[in-house]
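Source file run19.pdb; content: PDB, C-alpha atoms.
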MODEL        1
ATOM      1  CA  MET A   1       0.000   0.000   0.000
ATOM      2  CA  SER A   2       1.400   3.408  -0.909
ATOM      3  CA  GLU A   3       2.269   5.718   1.948
ATOM      4  CA  GLN A   4       1.406   8.755  -0.096
ATOM      5  CA  HIS A   5      -0.646  11.159   1.954
ATOM      6  CA  THR A   6      -3.038  13.717   0.630
ATOM      7  CA  PRO A   7      -1.053  16.839  -0.265
ATOM      8  CA  PRO A   8      -1.012  19.356   2.577
ATOM      9  CA  GLY A   9      -3.850  21.838   2.495
ATOM     10  CA  THR A  10      -6.208  19.524   0.584
ATOM     11  CA  GLU A  11      -9.800  20.209   1.458
ATOM     12  CA  LEU A  12     -12.104  17.395   2.434
ATOM     13  CA  ASP A  13     -15.783  17.845   1.680
ATOM     14  CA  PRO A  14     -17.152  19.786   4.688
ATOM     15  CA  LYS A  15     -20.345  17.727   4.543
ATOM     16  CA  LEU A  16     -18.289  14.550   4.868
ATOM     17  CA  LEU A  17     -16.324  16.022   7.789
ATOM     18  CA  GLU A  18     -19.626  16.781   9.465
ATOM     19  CA  ILE A  19     -20.702  13.114   9.588
ATOM     20  CA  LEU A  20     -17.295  11.462  10.160
ATOM     21  CA  VAL A  21     -16.496  10.362  13.697
ATOM     22  CA  CYS A  22     -13.765   8.283  15.289
ATOM     23  CA  PRO A  23     -14.719   4.628  14.762
ATOM     24  CA  VAL A  24     -13.474   3.776  18.268
ATOM     25  CA  THR A  25     -14.977   6.510  20.445
ATOM     26  CA  LYS A  26     -17.641   7.798  17.993
ATOM     27  CA  GLY A  27     -16.351  11.187  19.118
ATOM     28  CA  PRO A  28     -15.453  14.202  16.969
ATOM     29  CA  LEU A  29     -12.474  14.473  14.646
ATOM     30  CA  ASN A  30     -10.287  17.447  13.810
ATOM     31  CA  TYR A  31      -8.863  17.664  10.328
ATOM     32  CA  ASP A  32      -5.184  18.574  10.302
ATOM     33  CA  ARG A  33      -4.763  19.912   6.768
ATOM     34  CA  GLU A  34      -0.983  20.254   7.059
ATOM     35  CA  ARG A  35      -0.436  16.583   7.824
ATOM     36  CA  GLY A  36      -3.490  15.289   5.999
ATOM     37  CA  GLU A  37      -4.760  13.511   9.097
ATOM     38  CA  LEU A  38      -8.018  13.264  10.989
ATOM     39  CA  ILE A  39      -7.313  13.517  14.693
ATOM     40  CA  SER A  40      -9.335  11.791  17.390
ATOM     41  CA  GLU A  41      -8.071  13.367  20.597
ATOM     42  CA  LYS A  42     -10.120  11.093  22.823
ATOM     43  CA  ALA A  43      -8.655   7.943  21.236
ATOM     44  CA  GLY A  44      -5.214   9.471  20.762
ATOM     45  CA  LEU A  45      -5.241   8.408  17.120
ATOM     46  CA  ALA A  46      -4.529  10.175  13.845
ATOM     47  CA  TYR A  47      -6.261   8.640  10.829
ATOM     48  CA  PRO A  48      -4.496   9.235   7.516
ATOM     49  CA  VAL A  49      -6.173  10.703   4.454
ATOM     50  CA  ARG A  50      -4.612   9.009   1.450
ATOM     51  CA  ASP A  51      -5.308  10.192  -2.061
ATOM     52  CA  GLY A  52      -8.324  12.107  -0.728
ATOM     53  CA  ILE A  53      -9.805   9.027   0.977
ATOM     54  CA  PRO A  54     -10.064   9.074   4.797
ATOM     55  CA  ILE A  55      -8.678   5.785   6.106
ATOM     56  CA  MET A  56     -10.756   5.261   9.237
ATOM     57  CA  LEU A  57      -9.130   2.028  10.405
ATOM     58  CA  VAL A  58      -7.427   1.705  13.778
ATOM     59  CA  ASP A  59      -4.708  -0.503  12.284
ATOM     60  CA  GLU A  60      -3.796   2.262   9.852
ATOM     61  CA  ALA A  61      -3.933   5.105  12.390
ATOM     62  CA  ARG A  62      -0.904   6.760  13.978
ATOM     63  CA  LYS A  63      -0.771   6.780  17.765
ATOM     64  CA  ILE A  64      -0.416  10.288  19.070
ATOM     65  CA  ASP A  65       2.148  10.704  21.848
ATOM     66  CA  ASP A  66       1.311  13.399  24.353
TER      67      ASP A  66
ATOM     68  CA  MET B  67     -37.355 -33.964  -6.089
ATOM     69  CA  VAL B  68     -35.060 -34.969  -8.876
ATOM     70  CA  PRO B  69     -34.069 -38.656  -8.571
ATOM     71  CA  GLY B  70     -30.686 -39.067  -6.978
ATOM     72  CA  MET B  71     -30.774 -35.574  -5.536
ATOM     73  CA  SER B  72     -31.040 -35.171  -1.811
ATOM     74  CA  GLN B  73     -31.139 -32.307   0.605
ATOM     75  CA  HIS B  74     -27.938 -31.774   2.516
ATOM     76  CA  THR B  75     -27.943 -33.363   5.926
ATOM     77  CA  PRO B  76     -26.580 -31.520   8.962
ATOM     78  CA  ASN B  77     -23.393 -33.582   8.668
ATOM     79  CA  ASP B  78     -22.785 -32.610   5.083
ATOM     80  CA  PRO B  79     -19.536 -30.625   4.981
ATOM     81  CA  ILE B  80     -21.180 -28.076   2.703
ATOM     82  CA  ARG B  81     -23.616 -27.028   5.402
ATOM     83  CA  LYS B  82     -22.685 -24.292   7.790
ATOM     84  CA  PRO B  83     -22.314 -24.909  11.507
ATOM     85  CA  ASP B  84     -24.880 -23.383  13.839
ATOM     86  CA  ALA B  85     -22.416 -21.916  16.250
ATOM     87  CA  GLU B  86     -18.746 -21.125  16.252
ATOM     88  CA  PRO B  87     -16.426 -20.846  19.229
ATOM     89  CA  PRO B  88     -16.058 -17.130  20.013
ATOM     90  CA  ASP B  89     -12.303 -17.118  19.481
ATOM     91  CA  GLU B  90     -12.374 -18.975  16.203
ATOM     92  CA  LEU B  91     -14.195 -18.148  12.987
ATOM     93  CA  SER B  92     -14.648 -19.532   9.541
ATOM     94  CA  PHE B  93     -12.588 -18.249   6.654
ATOM     95  CA  GLY B  94     -14.405 -20.206   4.031
ATOM     96  CA  PHE B  95     -14.087 -23.761   5.366
ATOM     97  CA  ARG B  96     -10.854 -23.056   7.197
ATOM     98  CA  ARG B  97     -10.890 -22.215  10.895
ATOM     99  CA  VAL B  98      -9.024 -19.047  11.738
ATOM    100  CA  ALA B  99      -8.550 -16.912  14.840
ATOM    101  CA  ALA B 100     -11.124 -14.122  15.106
ATOM    102  CA  GLY B 101      -8.433 -11.470  14.765
ATOM    103  CA  GLN B 102      -7.113 -13.049  11.585
ATOM    104  CA  LYS B 103     -10.223 -13.107   9.421
ATOM    105  CA  ALA B 104     -10.265  -9.406   8.515
ATOM    106  CA  GLU B 105      -6.671  -9.552   7.286
ATOM    107  CA  LEU B 106      -7.308 -12.669   5.205
ATOM    108  CA  VAL B 107     -10.405 -11.126   3.630
ATOM    109  CA  LYS B 108      -8.403  -7.987   2.927
ATOM    110  CA  GLN B 109      -5.788 -10.018   1.077
ATOM    111  CA  VAL B 110      -8.488 -11.662  -1.029
ATOM    112  CA  PHE B 111      -9.905  -8.335  -2.181
ATOM    113  CA  ASP B 112      -6.486  -6.728  -2.649
ATOM    114  CA  ARG B 113      -5.726  -9.532  -5.080
ATOM    115  CA  VAL B 114      -8.942  -9.395  -7.077
ATOM    116  CA  ALA B 115      -9.918  -5.670  -6.912
ATOM    117  CA  GLY B 116      -9.068  -4.814 -10.519
ATOM    118  CA  ARG B 117     -11.126  -7.628 -11.998
ATOM    119  CA  TYR B 118     -13.821  -7.929  -9.361
ATOM    120  CA  ASP B 119     -16.764  -6.654 -11.423
ATOM    121  CA  LEU B 120     -15.664  -8.590 -14.520
ATOM    122  CA  MET B 121     -15.529 -11.783 -12.458
ATOM    123  CA  ASN B 122     -19.033 -11.094 -11.139
ATOM    124  CA  ASP B 123     -20.290 -10.900 -14.716
ATOM    125  CA  LEU B 124     -18.553 -14.132 -15.714
ATOM    126  CA  MET B 125     -19.465 -16.146 -12.620
ATOM    127  CA  SER B 126     -23.133 -15.259 -12.656
ATOM    128  CA  ALA B 127     -23.477 -14.984 -16.444
ATOM    129  CA  GLY B 128     -24.532 -11.375 -15.879
ATOM    130  CA  ILE B 129     -27.348 -12.339 -13.511
ATOM    131  CA  HIS B 130     -25.769 -10.298 -10.703
ATOM    132  CA  ARG B 131     -26.946  -7.226 -12.616
ATOM    133  CA  LEU B 132     -30.552  -8.362 -12.205
ATOM    134  CA  TRP B 133     -30.046  -9.004  -8.495
ATOM    135  CA  LYS B 134     -28.560  -5.536  -8.094
ATOM    136  CA  ARG B 135     -31.364  -3.990 -10.103
ATOM    137  CA  ALA B 136     -33.854  -5.596  -7.702
ATOM    138  CA  LEU B 137     -31.921  -3.998  -4.838
ATOM    139  CA  ILE B 138     -32.068  -0.554  -6.499
ATOM    140  CA  ASP B 139     -35.805  -1.017  -7.249
ATOM    141  CA  ARG B 140     -36.457  -1.771  -3.606
ATOM    142  CA  LEU B 141     -34.137   1.022  -2.442
ATOM    143  CA  ASP B 142     -35.964   3.471  -4.697
ATOM    144  CA  PRO B 143     -33.554   6.335  -3.918
ATOM    145  CA  ARG B 144     -35.167   9.758  -3.687
ATOM    146  CA  PRO B 145     -33.555  13.083  -4.525
ATOM    147  CA  GLY B 146     -31.906  14.594  -1.492
ATOM    148  CA  GLU B 147     -31.562  11.334   0.392
ATOM    149  CA  ALA B 148     -28.308  10.370   2.104
ATOM    150  CA  LEU B 149     -27.388   6.776   1.354
ATOM    151  CA  ILE B 150     -24.543   4.658   2.632
ATOM    152  CA  ASP B 151     -23.289   1.703   0.634
ATOM    153  CA  VAL B 152     -21.046  -0.532   2.695
ATOM    154  CA  ALA B 153     -18.509  -2.926   1.161
ATOM    155  CA  GLY B 154     -19.286  -1.392  -2.225
ATOM    156  CA  GLY B 155     -15.759  -0.230  -2.971
ATOM    157  CA  THR B 156     -15.884  -0.522  -6.742
ATOM    158  CA  GLY B 157     -18.912   1.799  -6.825
ATOM    159  CA  ASP B 158     -21.253  -0.590  -8.592
ATOM    160  CA  ILE B 159     -24.271  -0.007  -6.307
ATOM    161  CA  ALA B 160     -23.447   3.673  -5.707
ATOM    162  CA  PHE B 161     -23.439   4.506  -9.440
ATOM    163  CA  LYS B 162     -26.722   2.671  -9.968
ATOM    164  CA  ALA B 163     -28.372   4.437  -7.003
ATOM    165  CA  LEU B 164     -27.186   7.853  -8.229
ATOM    166  CA  ALA B 165     -28.438   7.149 -11.741
ATOM    167  CA  ARG B 166     -31.820   5.996 -10.447
ATOM    168  CA  ALA B 167     -32.320   9.066  -8.232
ATOM    169  CA  ARG B 168     -31.379  11.315 -11.157
ATOM    170  CA  THR B 169     -34.159   9.873 -13.268
ATOM    171  CA  ARG B 170     -36.470  11.835 -10.943
ATOM    172  CA  THR B 171     -34.697  15.181 -10.829
ATOM    173  CA  ASP B 172     -31.231  16.523 -11.568
ATOM    174  CA  ALA B 173     -30.611  16.969  -7.869
ATOM    175  CA  GLY B 174     -29.987  13.269  -7.264
ATOM    176  CA  CYS B 175     -29.124  11.686  -3.949
ATOM    177  CA  HIS B 176     -25.875  11.455  -2.037
ATOM    178  CA  VAL B 177     -24.007   8.179  -1.635
ATOM    179  CA  THR B 178     -21.231   7.565   0.862
ATOM    180  CA  VAL B 179     -19.286   4.472  -0.146
ATOM    181  CA  CYS B 180     -17.592   2.776   2.788
ATOM    182  CA  ASP B 181     -15.300  -0.197   2.265
ATOM    183  CA  ILE B 182     -12.621  -1.726   4.464
ATOM    184  CA  ASN B 183     -10.448  -2.244   1.430
ATOM    185  CA  GLU B 184      -8.480   0.677   0.028
ATOM    186  CA  SER B 185      -7.724  -1.111  -3.261
ATOM    187  CA  MET B 186     -11.431  -1.590  -3.964
ATOM    188  CA  LEU B 187     -12.144   2.087  -3.166
ATOM    189  CA  GLN B 188      -9.405   3.224  -5.530
ATOM    190  CA  VAL B 189     -10.984   1.179  -8.328
ATOM    191  CA  GLY B 190     -14.368   2.801  -7.567
ATOM    192  CA  ARG B 191     -13.031   6.322  -7.252
ATOM    193  CA  ASN B 192     -11.083   6.076 -10.513
ATOM    194  CA  ARG B 193     -14.175   4.731 -12.205
ATOM    195  CA  ALA B 194     -16.200   7.683 -10.882
ATOM    196  CA  VAL B 195     -13.600  10.058 -12.348
ATOM    197  CA  ASP B 196     -13.831   8.237 -15.702
ATOM    198  CA  ARG B 197     -17.597   8.695 -15.639
ATOM    199  CA  THR B 198     -17.156  12.338 -14.605
ATOM    200  CA  LEU B 199     -19.192  11.642 -11.495
ATOM    201  CA  VAL B 200     -17.791  14.122  -9.034
ATOM    202  CA  THR B 201     -20.791  15.285  -7.044
ATOM    203  CA  GLY B 202     -22.978  13.203  -4.807
ATOM    204  CA  LEU B 203     -20.284  10.685  -3.878
ATOM    205  CA  ASP B 204     -17.903  10.220  -0.960
ATOM    206  CA  TRP B 205     -15.342   7.469  -0.496
ATOM    207  CA  VAL B 206     -14.359   6.370   2.990
ATOM    208  CA  CYS B 207     -12.231   3.450   4.104
ATOM    209  CA  GLY B 208     -13.907   1.944   7.159
ATOM    210  CA  ASN B 209     -14.904  -1.245   8.896
ATOM    211  CA  ALA B 210     -18.587  -2.296   8.794
ATOM    212  CA  GLU B 211     -18.257  -3.377  12.437
ATOM    213  CA  ALA B 212     -16.996   0.032  13.568
ATOM    214  CA  LEU B 213     -18.408   2.593  11.181
ATOM    215  CA  PRO B 214     -16.763   6.021  11.307
ATOM    216  CA  PHE B 215     -20.092   7.872  11.011
ATOM    217  CA  ASP B 216     -22.233   9.773  13.466
ATOM    218  CA  ASN B 217     -25.556   8.346  14.699
ATOM    219  CA  ALA B 218     -28.721   8.644  12.617
ATOM    220  CA  ARG B 219     -27.202  10.212   9.498
ATOM    221  CA  PHE B 220     -28.477   8.047   6.643
ATOM    222  CA  ASP B 221     -31.856   7.423   5.039
ATOM    223  CA  ALA B 222     -30.794   4.032   3.737
ATOM    224  CA  TYR B 223     -27.980   1.536   4.236
ATOM    225  CA  THR B 224     -27.137  -0.961   1.515
ATOM    226  CA  ILE B 225     -24.675  -3.822   1.481
ATOM    227  CA  ALA B 226     -24.433  -6.086  -1.548
ATOM    228  CA  PHE B 227     -22.446  -9.308  -1.292
ATOM    229  CA  GLY B 228     -20.380  -7.823   1.506
ATOM    230  CA  ILE B 229     -21.831  -8.741   4.880
ATOM    231  CA  ARG B 230     -20.678 -12.349   4.437
ATOM    232  CA  ASN B 231     -17.110 -11.148   4.743
ATOM    233  CA  VAL B 232     -17.349  -9.308   8.050
ATOM    234  CA  THR B 233     -15.933 -10.992  11.139
ATOM    235  CA  HIS B 234     -18.881 -10.374  13.491
ATOM    236  CA  LEU B 235     -22.245 -10.150  11.731
ATOM    237  CA  ASP B 236     -24.078  -8.965  14.849
ATOM    238  CA  ARG B 237     -21.740  -5.999  15.271
ATOM    239  CA  ALA B 238     -22.127  -4.990  11.625
ATOM    240  CA  LEU B 239     -25.935  -5.116  11.937
ATOM    241  CA  CYS B 240     -25.897  -2.997  15.121
ATOM    242  CA  GLU B 241     -23.686  -0.436  13.406
ATOM    243  CA  ALA B 242     -26.038  -0.324  10.413
ATOM    244  CA  TYR B 243     -28.909   0.343  12.807
ATOM    245  CA  ARG B 244     -26.970   3.060  14.622
ATOM    246  CA  VAL B 245     -26.108   5.148  11.546
ATOM    247  CA  LEU B 246     -29.641   4.974  10.103
ATOM    248  CA  LYS B 247     -32.135   7.717  10.841
ATOM    249  CA  PRO B 248     -35.381   6.598  12.471
ATOM    250  CA  GLY B 249     -37.504   5.556   9.503
ATOM    251  CA  GLY B 250     -34.373   4.543   7.616
ATOM    252  CA  ARG B 251     -34.184   1.332   5.635
ATOM    253  CA  PHE B 252     -31.625  -1.477   5.580
ATOM    254  CA  LEU B 253     -31.167  -3.523   2.423
ATOM    255  CA  CYS B 254     -28.835  -6.434   2.146
ATOM    256  CA  LEU B 255     -28.180  -8.505  -0.939
ATOM    257  CA  GLU B 256     -26.336 -11.718  -0.186
ATOM    258  CA  PHE B 257     -25.828 -15.246  -1.377
ATOM    259  CA  SER B 258     -28.195 -17.454   0.541
ATOM    260  CA  SER B 259     -29.478 -21.009   0.772
ATOM    261  CA  VAL B 260     -30.856 -22.536  -2.401
ATOM    262  CA  VAL B 261     -34.476 -23.537  -1.846
ATOM    263  CA  LEU B 262     -35.226 -25.221  -5.173
ATOM    264  CA  PRO B 263     -34.834 -28.994  -5.006
ATOM    265  CA  GLY B 264     -32.299 -30.122  -7.583
ATOM    266  CA  LEU B 265     -30.846 -26.682  -8.104
ATOM    267  CA  ASP B 266     -28.845 -27.065  -4.893
ATOM    268  CA  ARG B 267     -26.736 -29.951  -6.202
ATOM    269  CA  LEU B 268     -26.221 -28.298  -9.576
ATOM    270  CA  TYR B 269     -25.225 -25.090  -7.801
ATOM    271  CA  ASP B 270     -22.680 -26.984  -5.674
ATOM    272  CA  LEU B 271     -21.163 -28.613  -8.725
ATOM    273  CA  TYR B 272     -20.866 -25.275 -10.457
ATOM    274  CA  SER B 273     -19.544 -23.452  -7.389
ATOM    275  CA  PHE B 274     -16.864 -25.901  -6.389
ATOM    276  CA  ASN B 275     -15.726 -26.958  -9.851
ATOM    277  CA  VAL B 276     -16.221 -24.038 -12.175
ATOM    278  CA  ILE B 277     -15.786 -20.871 -10.107
ATOM    279  CA  PRO B 278     -12.267 -21.479  -8.713
ATOM    280  CA  ARG B 279     -11.065 -22.381 -12.231
ATOM    281  CA  LEU B 280     -12.701 -19.281 -13.671
ATOM    282  CA  GLY B 281     -11.020 -17.241 -10.925
ATOM    283  CA  GLN B 282      -7.660 -18.782 -11.794
ATOM    284  CA  TRP B 283      -8.165 -18.005 -15.450
ATOM    285  CA  VAL B 284      -9.354 -14.389 -15.092
ATOM    286  CA  THR B 285      -7.516 -13.145 -12.000
ATOM    287  CA  GLY B 286      -4.733 -15.740 -11.766
ATOM    288  CA  ASP B 287      -6.002 -16.499  -8.297
ATOM    289  CA  ALA B 288      -8.028 -19.649  -7.650
ATOM    290  CA  ASP B 289      -7.666 -19.444  -3.855
ATOM    291  CA  SER B 290      -9.633 -16.206  -3.547
ATOM    292  CA  TYR B 291     -12.521 -17.728  -5.462
ATOM    293  CA  GLN B 292     -12.317 -20.940  -3.487
ATOM    294  CA  TYR B 293     -12.763 -18.694  -0.434
ATOM    295  CA  LEU B 294     -15.738 -17.021  -2.118
ATOM    296  CA  VAL B 295     -17.675 -20.232  -2.690
ATOM    297  CA  GLU B 296     -16.838 -21.566   0.765
ATOM    298  CA  SER B 297     -17.848 -18.343   2.513
ATOM    299  CA  ILE B 298     -21.208 -18.452   0.714
ATOM    300  CA  ARG B 299     -21.917 -21.873   2.216
ATOM    301  CA  ARG B 300     -20.966 -20.643   5.689
ATOM    302  CA  PHE B 301     -23.337 -17.690   5.643
ATOM    303  CA  PRO B 302     -26.578 -18.089   7.665
ATOM    304  CA  GLY B 303     -29.719 -19.013   5.753
ATOM    305  CA  GLN B 304     -32.551 -16.596   5.022
ATOM    306  CA  ARG B 305     -34.537 -17.098   8.223
ATOM    307  CA  ARG B 306     -31.578 -17.112  10.550
ATOM    308  CA  PHE B 307     -30.248 -13.903   9.049
ATOM    309  CA  ALA B 308     -33.717 -12.305   9.349
ATOM    310  CA  THR B 309     -33.697 -13.204  13.056
ATOM    311  CA  MET B 310     -30.257 -11.643  13.456
ATOM    312  CA  MET B 311     -31.596  -8.437  11.880
ATOM    313  CA  GLU B 312     -34.451  -8.385  14.382
ATOM    314  CA  GLN B 313     -32.017  -8.932  17.229
ATOM    315  CA  ALA B 314     -30.109  -5.850  16.056
ATOM    316  CA  GLY B 315     -33.324  -3.825  16.354
ATOM    317  CA  PHE B 316     -34.728  -3.854  12.824
ATOM    318  CA  ARG B 317     -38.488  -4.126  12.355
ATOM    319  CA  GLN B 318     -40.753  -5.247   9.526
ATOM    320  CA  VAL B 319     -37.935  -7.574   8.528
ATOM    321  CA  SER B 320     -38.528  -9.474   5.305
ATOM    322  CA  PHE B 321     -36.613 -11.256   2.601
ATOM    323  CA  ARG B 322     -37.166 -12.217  -0.984
ATOM    324  CA  ASN B 323     -35.475 -15.163  -2.649
ATOM    325  CA  MET B 324     -34.063 -14.685  -6.116
ATOM    326  CA  THR B 325     -32.843 -17.322  -8.560
ATOM    327  CA  GLY B 326     -34.189 -20.098  -6.336
ATOM    328  CA  GLY B 327     -32.497 -18.774  -3.212
ATOM    329  CA  VAL B 328     -29.009 -18.465  -4.708
ATOM    330  CA  VAL B 329     -29.395 -14.868  -3.561
ATOM    331  CA  ALA B 330     -31.756 -13.260  -1.053
ATOM    332  CA  LEU B 331     -32.671  -9.597  -0.689
ATOM    333  CA  HIS B 332     -33.167  -8.797   3.004
ATOM    334  CA  CYS B 333     -35.021  -5.670   4.114
ATOM    335  CA  GLY B 334     -35.656  -4.079   7.464
ATOM    336  CA  TRP B 335     -36.530  -0.732   8.971
ATOM    337  CA  ARG B 336     -35.242   1.299  11.844
ATOM    338  CA  ILE B 337     -38.484   2.519  13.404
TER     339      ILE B 337
ENDMDL
END
Represent the structure from my file as structure tokens, please.
Amino acid sequence: MSEQHTPPGTELDPKLLEILVCPVTKGPLNYDRERGELISEKAGLAYPVRDGIPIMLVDEARKIDD
Amino acid sequence: MVPGMSQHTPNDPIRKPDAEPPDELSFGFRRVAAGQKAELVKQVFDRVAGRYDLMNDLMSAGIHRLWKRALIDRLDPRPGEALIDVAGGTGDIAFKALARARTRTDAGCHVTVCDINESMLQVGRNRAVDRTLVTGLDWVCGNAEALPFDNARFDAYTIAFGIRNVTHLDRALCEAYRVLKPGGRFLCLEFSSVVLPGLDRLYDLYSFNVIPRLGQWVTGDADSYQYLVESIRRFPGQRRFATMMEQAGFRQVSFRNMTGGVVALHCGWRI
């Protein structure tokens, strides 16, 4: 699988962002445009957006170190 | 009954078991650890993604198009509705739903395609670009058992030939219920148990002898198609699946057999 992330600053459809939640906590996500990641603070996970597709799988998420 | 044909007995290896130990699940006829199934299924679809829809045409002699049309007829997508199609990575159902809604008005509906497999989603997304379908579609990689969507967001949930591949059916059904709005509908198209006497034996012969060879020939991968035919036999029959839907909370649960029960269309409502 390619590790190519969505180019920084790429917009995700705001309507999609409105309905997306963290699959683990079902809590809100913050979109980090610079890194192309969707952040679930509660779960401490960053879900990658690859090629414009949010990858909402725990196995693919980056653990966020505090 | 056709002479020489008999119904499968409970000991027939082609029949599915009633219960599985919680830590072990079926991957086709193999027994695998619960945590392993998702990865094995992923490998299957990674291998066949590019030729998935072609194989469907060849294996079913195009009949899968009729099954899917019956799903779209029943779905009857309305302009402005929010639909979610799960395990529909290559976009087959999503494109048909969009086209159907647009026969009513230009506004169309909105389809969110959610698939656990990134390779399948890439095939679908590229196909959407080829068809210049840019509005009304979202592509999300997610697990049917842990959907990354807020509660009560969708008017309809569809899953066509996908629910068989999830690790825990009950969890996937509960998630479907959760993301549907009250009044939302659940539609599932899946291979089921053949109910026509005689057809069952013919279907077995075809499934176990022809399909893996066809898979080898078209995708260079017989194993994935061996898994396909085995997983079909493992999937609960029509009535048992209907009961599982009710247990997840769905009401007015019904099913309709097609092609003698080779496939069943299951429907239910979140009240």
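Between atom CA of Arg131 of chain B and atom CA of Ala314 of chain B the interatomic distance comes to 28.9 Å.
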Q. Selected by the ChimeraX specification (/A :<6) & /B in the shown coordinates: which residues, as a list in words?
A.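 This file, filtered by the ChimeraX specification (/A :<6) & /B, leaves Trp205, Val206, Cys207, Gly208, Ala212, Leu213, Pro214, Phe215 and Asp216 of chain B.
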Q) Do you know which residues are at most 10 Å from Ala61 of chain A counting all atoms listed in the file, after dropping those on the same chain fewer than 2 positions away, and could you put them as a PyMOL selection string? A) chain A and resi 37-40+44-49+55-59+63-64
Q: Quick one: pull the distance between atom CA of Glu296 of chain B and atom CA of Phe95 of chain B, Å, one decimal.
A: 5.8 Å
Q. B:Leu246, B:Val110, B:Ser258, B:Asn209: which is nearest His234 of chain B, counting only C-alpha atoms?
A. B:Asn209
Q) To one decimal place, how far is atom CA of Leu235 of chain B from atom CA of Gln188 of chain B in Å? A) 25.3 Å
Q) For Val107 of chain B, which of B:Arg230, B:Arg322, B:Arg166, B:His130 is the closest residue, counting all atoms listed in the file? A) B:Arg230
Q. Which protein, DNA or RNA residues are at most 12 Å from (-30.3, -11.1, -12.2) in the file's coordinates when you count all atoms listed in the file, listed as a ChimeraX atom specification?
A. /B:122-123,125-137,255,323-326,328-331
Should you be able to, write segment 108-158 of chain B of this structure into a file that contains C-alpha atoms, as a PDB file, in the first residue's frame.
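And here is the file that came out, selection.pdb:
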ATOM      1  CA  LYS B 108      -8.403  -7.987   2.927  1.00  0.00           C
ATOM      2  CA  GLN B 109      -5.788 -10.018   1.077  1.00  0.00           C
ATOM      3  CA  VAL B 110      -8.488 -11.662  -1.029  1.00  0.00           C
ATOM      4  CA  PHE B 111      -9.905  -8.335  -2.181  1.00  0.00           C
ATOM      5  CA  ASP B 112      -6.486  -6.728  -2.649  1.00  0.00           C
ATOM      6  CA  ARG B 113      -5.726  -9.532  -5.080  1.00  0.00           C
ATOM      7  CA  VAL B 114      -8.942  -9.395  -7.077  1.00  0.00           C
ATOM      8  CA  ALA B 115      -9.918  -5.670  -6.912  1.00  0.00           C
ATOM      9  CA  GLY B 116      -9.068  -4.814 -10.519  1.00  0.00           C
ATOM     10  CA  ARG B 117     -11.126  -7.628 -11.998  1.00  0.00           C
ATOM     11  CA  TYR B 118     -13.821  -7.929  -9.361  1.00  0.00           C
ATOM     12  CA  ASP B 119     -16.764  -6.654 -11.423  1.00  0.00           C
ATOM     13  CA  LEU B 120     -15.664  -8.590 -14.520  1.00  0.00           C
ATOM     14  CA  MET B 121     -15.529 -11.783 -12.458  1.00  0.00           C
ATOM     15  CA  ASN B 122     -19.033 -11.094 -11.139  1.00  0.00           C
ATOM     16  CA  ASP B 123     -20.290 -10.900 -14.716  1.00  0.00           C
ATOM     17  CA  LEU B 124     -18.553 -14.132 -15.714  1.00  0.00           C
ATOM     18  CA  MET B 125     -19.465 -16.146 -12.620  1.00  0.00           C
ATOM     19  CA  SER B 126     -23.133 -15.259 -12.656  1.00  0.00           C
ATOM     20  CA  ALA B 127     -23.477 -14.984 -16.444  1.00  0.00           C
ATOM     21  CA  GLY B 128     -24.532 -11.375 -15.879  1.00  0.00           C
ATOM     22  CA  ILE B 129     -27.348 -12.339 -13.511  1.00  0.00           C
ATOM     23  CA  HIS B 130     -25.769 -10.298 -10.703  1.00  0.00           C
ATOM     24  CA  ARG B 131     -26.946  -7.226 -12.616  1.00  0.00           C
ATOM     25  CA  LEU B 132     -30.552  -8.362 -12.205  1.00  0.00           C
ATOM     26  CA  TRP B 133     -30.046  -9.004  -8.495  1.00  0.00           C
ATOM     27  CA  LYS B 134     -28.560  -5.536  -8.094  1.00  0.00           C
ATOM     28  CA  ARG B 135     -31.364  -3.990 -10.103  1.00  0.00           C
ATOM     29  CA  ALA B 136     -33.854  -5.596  -7.702  1.00  0.00           C
ATOM     30  CA  LEU B 137     -31.921  -3.998  -4.838  1.00  0.00           C
ATOM     31  CA  ILE B 138     -32.068  -0.554  -6.499  1.00  0.00           C
ATOM     32  CA  ASP B 139     -35.805  -1.017  -7.249  1.00  0.00           C
ATOM     33  CA  ARG B 140     -36.457  -1.771  -3.606  1.00  0.00           C
ATOM     34  CA  LEU B 141     -34.137   1.022  -2.442  1.00  0.00           C
ATOM     35  CA  ASP B 142     -35.964   3.471  -4.697  1.00  0.00           C
ATOM     36  CA  PRO B 143     -33.554   6.335  -3.918  1.00  0.00           C
ATOM     37  CA  ARG B 144     -35.167   9.758  -3.687  1.00  0.00           C
ATOM     38  CA  PRO B 145     -33.555  13.083  -4.525  1.00  0.00           C
ATOM     39  CA  GLY B 146     -31.906  14.594  -1.492  1.00  0.00           C
ATOM     40  CA  GLU B 147     -31.562  11.334   0.392  1.00  0.00           C
ATOM     41  CA  ALA B 148     -28.308  10.370   2.104  1.00  0.00           C
ATOM     42  CA  LEU B 149     -27.388   6.776   1.354  1.00  0.00           C
ATOM     43  CA  ILE B 150     -24.543   4.658   2.632  1.00  0.00           C
ATOM     44  CA  ASP B 151     -23.289   1.703   0.634  1.00  0.00           C
ATOM     45  CA  VAL B 152     -21.046  -0.532   2.695  1.00  0.00           C
ATOM     46  CA  ALA B 153     -18.509  -2.926   1.161  1.00  0.00           C
ATOM     47  CA  GLY B 154     -19.286  -1.392  -2.225  1.00  0.00           C
ATOM     48  CA  GLY B 155     -15.759  -0.230  -2.971  1.00  0.00           C
ATOM     49  CA  THR B 156     -15.884  -0.522  -6.742  1.00  0.00           C
ATOM     50  CA  GLY B 157     -18.912   1.799  -6.825  1.00  0.00           C
ATOM     51  CA  ASP B 158     -21.253  -0.590  -8.592  1.00  0.00           C
TER      52      ASP B 158
END
